[in-house]
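protein20.cif (mmCIF, C-alpha atoms and all ligand atoms)
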```cif
data_work
#
loop_
_atom_site.label_atom_id
_atom_site.label_comp_id
_atom_site.auth_asym_id
_atom_site.auth_seq_id
_atom_site.Cartn_x
_atom_site.Cartn_y
_atom_site.Cartn_z
CA MET O 30 -60.49 13.54 -90.02
CA VAL O 31 -59.51 16.53 -92.13
CA SER O 32 -56.62 16.64 -94.57
CA SER O 33 -53.75 19.00 -93.87
CA ARG O 34 -54.35 20.52 -97.30
CA ARG O 35 -57.89 21.48 -96.32
CA ILE O 36 -56.72 22.88 -92.96
CA ALA O 37 -54.11 24.94 -94.80
CA ARG O 38 -56.84 26.41 -97.02
CA TRP O 39 -59.10 27.14 -94.07
CA ARG O 40 -56.33 29.29 -92.66
CA GLU O 41 -56.16 31.41 -95.80
CA PRO O 42 -57.85 34.79 -95.34
CA GLY O 43 -61.21 34.94 -97.06
CA TYR O 44 -61.51 31.19 -97.65
CA HIS O 45 -64.85 29.57 -97.07
CA PHE O 46 -65.81 25.95 -97.52
CA ILE O 47 -67.53 25.44 -100.87
CA GLY O 48 -68.90 21.94 -100.99
CA ARG O 49 -68.27 18.26 -101.26
CA PRO O 50 -69.38 15.42 -103.55
CA TRP O 51 -72.72 13.74 -102.97
CA PHE O 52 -70.95 10.56 -101.92
CA VAL O 53 -71.21 8.60 -98.68
CA HIS O 54 -69.43 10.80 -96.14
CA GLU O 55 -66.71 8.32 -95.11
CA SER O 56 -65.74 7.77 -98.74
CA ILE O 57 -65.04 11.50 -99.08
CA LEU O 58 -62.75 11.37 -96.06
CA LYS O 59 -60.91 8.43 -97.64
CA LEU O 60 -60.58 10.25 -100.95
CA GLU O 61 -59.30 13.36 -99.18
CA GLU O 62 -56.52 11.20 -97.72
CA LEU O 63 -55.66 9.62 -101.06
CA ILE O 64 -55.96 12.41 -103.65
CA GLU O 65 -52.74 14.27 -104.42
CA PRO O 66 -52.53 17.80 -105.85
CA GLY O 67 -50.61 16.68 -108.94
CA TRP O 68 -53.38 14.35 -110.08
CA THR O 69 -55.23 14.32 -113.38
CA VAL O 70 -58.90 13.47 -112.97
CA PHE O 71 -61.85 12.50 -115.17
CA GLU O 72 -65.45 12.76 -113.98
CA TRP O 73 -68.87 11.82 -115.35
CA GLY O 74 -71.65 13.84 -113.66
CA SER O 75 -70.75 17.36 -112.58
CA GLY O 76 -71.81 19.07 -109.37
CA SER O 77 -70.27 20.02 -106.07
CA SER O 78 -67.73 17.24 -106.68
CA THR O 79 -66.38 19.27 -109.61
CA LEU O 80 -65.80 22.36 -107.50
CA TRP O 81 -64.36 20.18 -104.71
CA LEU O 82 -61.80 18.69 -107.12
CA GLY O 83 -60.69 22.08 -108.41
CA ALA O 84 -61.00 24.32 -105.35
CA ASP O 85 -60.54 22.01 -102.36
CA MET O 86 -58.48 19.08 -103.64
CA MET O 87 -56.62 21.44 -105.97
CA VAL O 88 -55.88 18.70 -108.48
CA ALA O 89 -53.60 19.64 -111.37
CA SER O 90 -56.35 19.15 -113.94
CA ALA O 91 -59.80 17.66 -114.24
CA ILE O 92 -62.26 17.00 -117.05
CA SER O 93 -65.91 16.77 -116.04
CA VAL O 94 -68.48 15.57 -118.58
CA GLU O 95 -72.11 16.60 -118.23
CA HIS O 96 -75.19 15.86 -120.37
CA ASP O 97 -77.71 18.34 -118.90
CA SER O 98 -77.23 21.81 -120.39
CA ASP O 99 -78.89 23.72 -117.53
CA TRP O 100 -76.82 21.85 -114.96
CA TYR O 101 -73.72 22.42 -117.11
CA LYS O 102 -74.36 26.20 -117.18
CA LYS O 103 -74.92 26.33 -113.44
CA ASN O 104 -71.73 24.43 -112.68
CA ARG O 105 -69.75 26.41 -115.19
CA ALA O 106 -70.82 29.63 -113.46
CA GLU O 107 -69.76 28.17 -110.09
CA LEU O 108 -66.30 27.30 -111.41
CA GLU O 109 -65.92 30.85 -112.77
CA ARG O 110 -67.18 32.35 -109.54
CA TYR O 111 -64.42 30.61 -107.60
CA PHE O 112 -61.78 31.23 -110.30
CA VAL O 113 -61.21 27.53 -110.86
CA ASP O 114 -59.35 27.29 -114.15
CA THR O 115 -57.94 23.79 -113.75
CA VAL O 116 -61.27 22.08 -114.48
CA GLU O 117 -62.63 21.69 -118.00
CA LEU O 118 -66.39 21.22 -117.96
CA VAL O 119 -67.69 19.54 -121.12
CA LEU O 120 -71.26 19.25 -122.39
CA ALA O 121 -71.76 15.98 -124.31
CA GLU O 122 -74.76 14.09 -125.67
CA LEU O 123 -75.89 10.85 -124.11
CA GLY O 124 -75.78 7.71 -126.21
CA GLY O 125 -72.20 7.91 -127.49
CA ALA O 126 -70.25 11.14 -127.10
CA TYR O 127 -70.89 11.29 -123.35
CA GLU O 128 -70.04 7.69 -122.51
CA ARG O 129 -67.02 7.61 -124.85
CA TYR O 130 -65.55 11.02 -123.98
CA ILE O 131 -62.70 9.48 -122.01
CA THR O 132 -61.49 7.64 -125.10
CA HIS O 133 -60.13 10.97 -126.44
CA TYR O 134 -57.36 10.64 -123.86
CA PRO O 135 -54.31 8.35 -123.85
CA MET O 136 -54.28 4.93 -122.25
CA GLU O 137 -53.24 4.87 -118.57
CA PHE O 138 -53.67 8.67 -118.38
CA PHE O 139 -55.86 9.43 -115.36
CA ASP O 140 -55.01 9.10 -111.66
CA LEU O 141 -58.66 9.18 -110.66
CA VAL O 142 -61.96 8.57 -112.46
CA LEU O 143 -65.30 9.44 -110.82
CA VAL O 144 -68.37 7.71 -112.29
CA ASP O 145 -71.40 9.63 -111.02
CA GLY O 146 -73.47 10.58 -114.06
CA ARG O 147 -75.69 8.66 -116.50
CA ASN O 148 -75.11 5.21 -118.02
CA ARG O 149 -72.54 4.40 -115.39
CA ALA O 150 -71.81 0.79 -116.38
CA ALA O 151 -70.98 1.85 -119.95
CA CYS O 152 -68.87 4.80 -118.75
CA LEU O 153 -66.98 2.57 -116.36
CA ALA O 154 -66.16 0.06 -119.10
CA HIS O 155 -64.76 2.85 -121.30
CA ALA O 156 -62.75 4.25 -118.38
CA LEU O 157 -60.67 1.23 -117.45
CA PRO O 158 -57.94 1.40 -120.14
CA HIS O 159 -57.52 5.16 -119.50
CA LEU O 160 -56.92 4.78 -115.76
CA LYS O 161 -53.30 4.46 -114.64
CA SER O 162 -52.12 1.34 -112.91
CA GLY O 163 -52.45 2.25 -109.22
CA GLY O 164 -55.11 4.86 -110.08
CA LEU O 165 -58.48 5.08 -108.35
CA LEU O 166 -61.96 4.52 -109.73
CA VAL O 167 -64.98 5.78 -107.77
CA LEU O 168 -68.51 4.57 -108.51
CA ASP O 169 -71.28 6.23 -106.55
CA ASP O 170 -74.46 4.23 -105.90
CA ALA O 171 -72.42 1.09 -106.50
CA ASP O 172 -75.21 -0.88 -104.79
CA ARG O 173 -77.61 -0.30 -107.72
CA GLU O 174 -78.42 -3.44 -109.65
CA GLN O 175 -78.07 -1.75 -113.03
CA TYR O 176 -74.39 -0.97 -112.36
CA ARG O 177 -73.50 -4.59 -111.66
CA PRO O 178 -72.11 -5.21 -115.20
CA GLY O 179 -69.61 -2.41 -114.49
CA VAL O 180 -68.72 -3.61 -110.99
CA THR O 181 -68.06 -7.11 -112.34
CA LEU O 182 -65.22 -5.69 -114.45
CA LEU O 183 -63.43 -4.63 -111.25
CA ALA O 184 -63.18 -8.13 -109.75
CA GLY O 185 -59.83 -8.65 -108.05
CA TRP O 186 -59.07 -4.93 -107.61
CA GLU O 187 -58.30 -3.59 -104.13
CA SER O 188 -61.50 -1.90 -103.00
CA TRP O 189 -63.31 0.01 -100.28
CA ALA O 190 -67.11 0.14 -99.94
CA TYR O 191 -68.77 2.86 -97.87
CA VAL O 192 -72.42 2.24 -97.04
CA SER O 193 -74.80 4.89 -95.76
CA GLN O 194 -76.30 3.57 -92.52
CA GLY O 195 -79.52 5.49 -92.07
CA GLY O 196 -81.99 8.06 -93.24
CA THR O 197 -83.28 8.55 -96.75
CA TYR O 198 -80.10 7.14 -98.29
CA ALA O 199 -79.70 4.01 -96.15
CA GLY O 200 -77.86 1.37 -98.17
CA LYS O 201 -76.43 3.86 -100.66
CA THR O 202 -72.87 2.74 -101.37
CA THR O 203 -69.88 4.65 -102.68
CA GLY O 204 -67.20 2.27 -103.93
CA ILE O 205 -63.53 3.02 -104.46
CA TRP O 206 -61.30 0.63 -106.42
CA ARG O 207 -57.57 0.75 -107.09
CA LYS O 208 -56.42 -0.52 -110.49
CA PRO O 209 -53.80 -3.27 -110.12
C1 LIG O 301 -75.63 12.74 -108.77
S1 LIG O 301 -75.52 14.14 -109.82
C2 LIG O 301 -73.77 14.43 -109.89
C3 LIG O 301 -73.25 14.95 -108.61
C4 LIG O 301 -71.79 15.30 -108.55
N1 LIG O 301 -70.88 14.29 -109.05
C5 LIG O 301 -71.50 15.53 -107.08
O1 LIG O 301 -71.06 14.60 -106.38
O2 LIG O 301 -71.71 16.64 -106.64
C6 LIG O 301 -75.77 13.35 -111.35
C7 LIG O 301 -76.42 14.18 -112.40
O3 LIG O 301 -77.63 14.74 -111.96
C8 LIG O 301 -78.01 15.74 -112.91
N2 LIG O 301 -78.73 16.90 -112.40
C9 LIG O 301 -79.50 17.72 -113.14
N3 LIG O 301 -80.10 18.65 -112.42
C10 LIG O 301 -79.68 18.45 -111.16
C11 LIG O 301 -79.94 19.10 -109.95
N4 LIG O 301 -80.74 20.15 -109.84
N5 LIG O 301 -79.33 18.63 -108.87
C12 LIG O 301 -78.52 17.57 -108.97
N6 LIG O 301 -78.24 16.90 -110.08
C13 LIG O 301 -78.81 17.34 -111.19
C14 LIG O 301 -76.75 16.18 -113.58
O4 LIG O 301 -76.88 15.87 -114.93
C15 LIG O 301 -75.64 15.36 -112.92
O5 LIG O 301 -74.68 14.97 -113.84
#
```

Turn the structure described in the file into structure tokens.
Amino acid sequence: MVSSRRIARWREPGYHFIGRPWFVHESILKLEELIEPGWTVFEWGSGSSTLWLGADMMVASAISVEHDSDWYKKNRAELERYFVDTVELVLAELGGAYERYITHYPMEFFDLVLVDGRNRAACLAHALPHLKSGGLLVLDDADREQYRPGVTLLAGWESWAYVSQGGTYAGKTTGIWRKP
């Protein structure tokens, strides 16, 4: 299934597909159905997801926090290359600034939060008050034991779990939750 927004972009002269998040494939299809262009997004862990948000999903604005300076530079260059000016890529140190970066924003501010970097359980805990009611939280590798303290905080939320069925990543799970 392909969103009408993506089809519309494919029809634009000169457009070529850039990339997609490193999530379980079916979860990306679900997100492409759910994400709306007016959305404000926060992400931990930059990569092809960052470009996807800005260039393919065309969200109104996104903040992506990264701890690795080489990876930050690479992704920054990619955003410039594709003229994506709606995404702010931020370099922040692990152990405080990185995990707490979302607390600079108002409560109930973000429509979507992607947790796909370091220290995911701590990031997730900081994210919850800053996610709108009805907003979506995505945790990649939600099957990992060390993220369980974060997942526990989402008990009772509407959720979808997408599990990779085979190959190197068998069992890898991308979870999507909707805040009540
Ligand atoms: C799973 S990756 C994030 C992927 C991104 N959210 C996506 O879906 O495309 C998590 C972290 O890996 C780190 N990383 C560093 N070097 C990398 C590399 N060469 N390839 C992939 N990830 C790298 C980055 O710090 C990044 O935040």

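Between CA of Leu166 (chain O) and CA of Pro66 (chain O) there is a distance of 16.7 Å.
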
field: Residue neighbourhood Tyr191 (chain O), 10 Å, all atoms listed in the file, exclusion window fewer than 4 positions, as an NGL selection string
entry: :O and (52-57 or 59 or 169-171 or 200-205)

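Contact shell of Arg105 (chain O) at 12 Å (only C-alpha atoms; same-chain neighbours under 2 positions omitted): O:Ser75, O:Gly76, O:Ser77, O:Thr79, O:Leu80, O:Ser93, O:Val94, O:Glu95, O:Asp97, O:Ser98, O:Asp99, O:Trp100, O:Tyr101, O:Lys102, O:Lys103, O:Glu107, O:Leu108, O:Glu109, O:Arg110, O:Tyr111, O:Phe112, O:Val113, O:Asp114, O:Val116, O:Glu117, O:Leu118, O:Val119, O:Leu120.
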
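The shell of residues at most 6 Å from Ala121 (chain O), with only C-alpha atoms counted and near chain neighbours (fewer than 3 positions) removed, consists of His96, Ala126 and Tyr127 of chain O.
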
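Between ligand LIG 301 (chain O) and the residues O:Pro158, O:Ala84, O:Leu168, O:Tyr134, the shortest atom-to-atom distance, using only C-alpha atoms and all ligand atoms, involves O:Leu168.
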
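For the pair CA of Gly48 (chain O) and atom C1 of ligand LIG 301 (chain O), the separation is 13.8 Å.
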
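Between ligand LIG 301 (chain O) and the candidates O:Trp206, O:Tyr198, O:Trp51, O:Phe138, the tightest atom-to-atom separation, counting all atoms listed in the file, involves O:Trp51.
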
message: Calculated over all atoms listed in the file, which of the candidates O:Tyr130, O:Phe139, O:Trp189, O:Tyr176 has the smallest distance to Ala91 (chain O)?
response: O:Phe139

statement: Expressed in Å, the length from atom O1 of ligand LIG 301 (chain O) to CA of Arg49 (chain O) is 6.9 Å

message: Here is a test: counting only C-alpha atoms, which residue of O:Ile92, O:Glu128, O:Met86, O:Leu182 is nearest to Gly67 (chain O)?
response: O:Met86

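Using all atoms listed in the file, the shortest contact distance between ligand LIG 301 (chain O) and any of O:Leu160, O:Leu153, O:Leu165, O:Val144 is found at O:Val144.
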
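Close contacts of Pro209 (chain O), defined as residues with an atom at most 8 Å away when counting only C-alpha atoms, with chain neighbours fewer than 4 positions off set aside, comprise Ser162, Gly163, Trp186 and Glu187 of chain O.
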
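Distances to ligand LIG 301 (chain O) were evaluated for O:Leu58, O:Ala156, O:Met136, O:Leu143 using only C-alpha atoms and all ligand atoms, and the minimum falls at O:Leu143.
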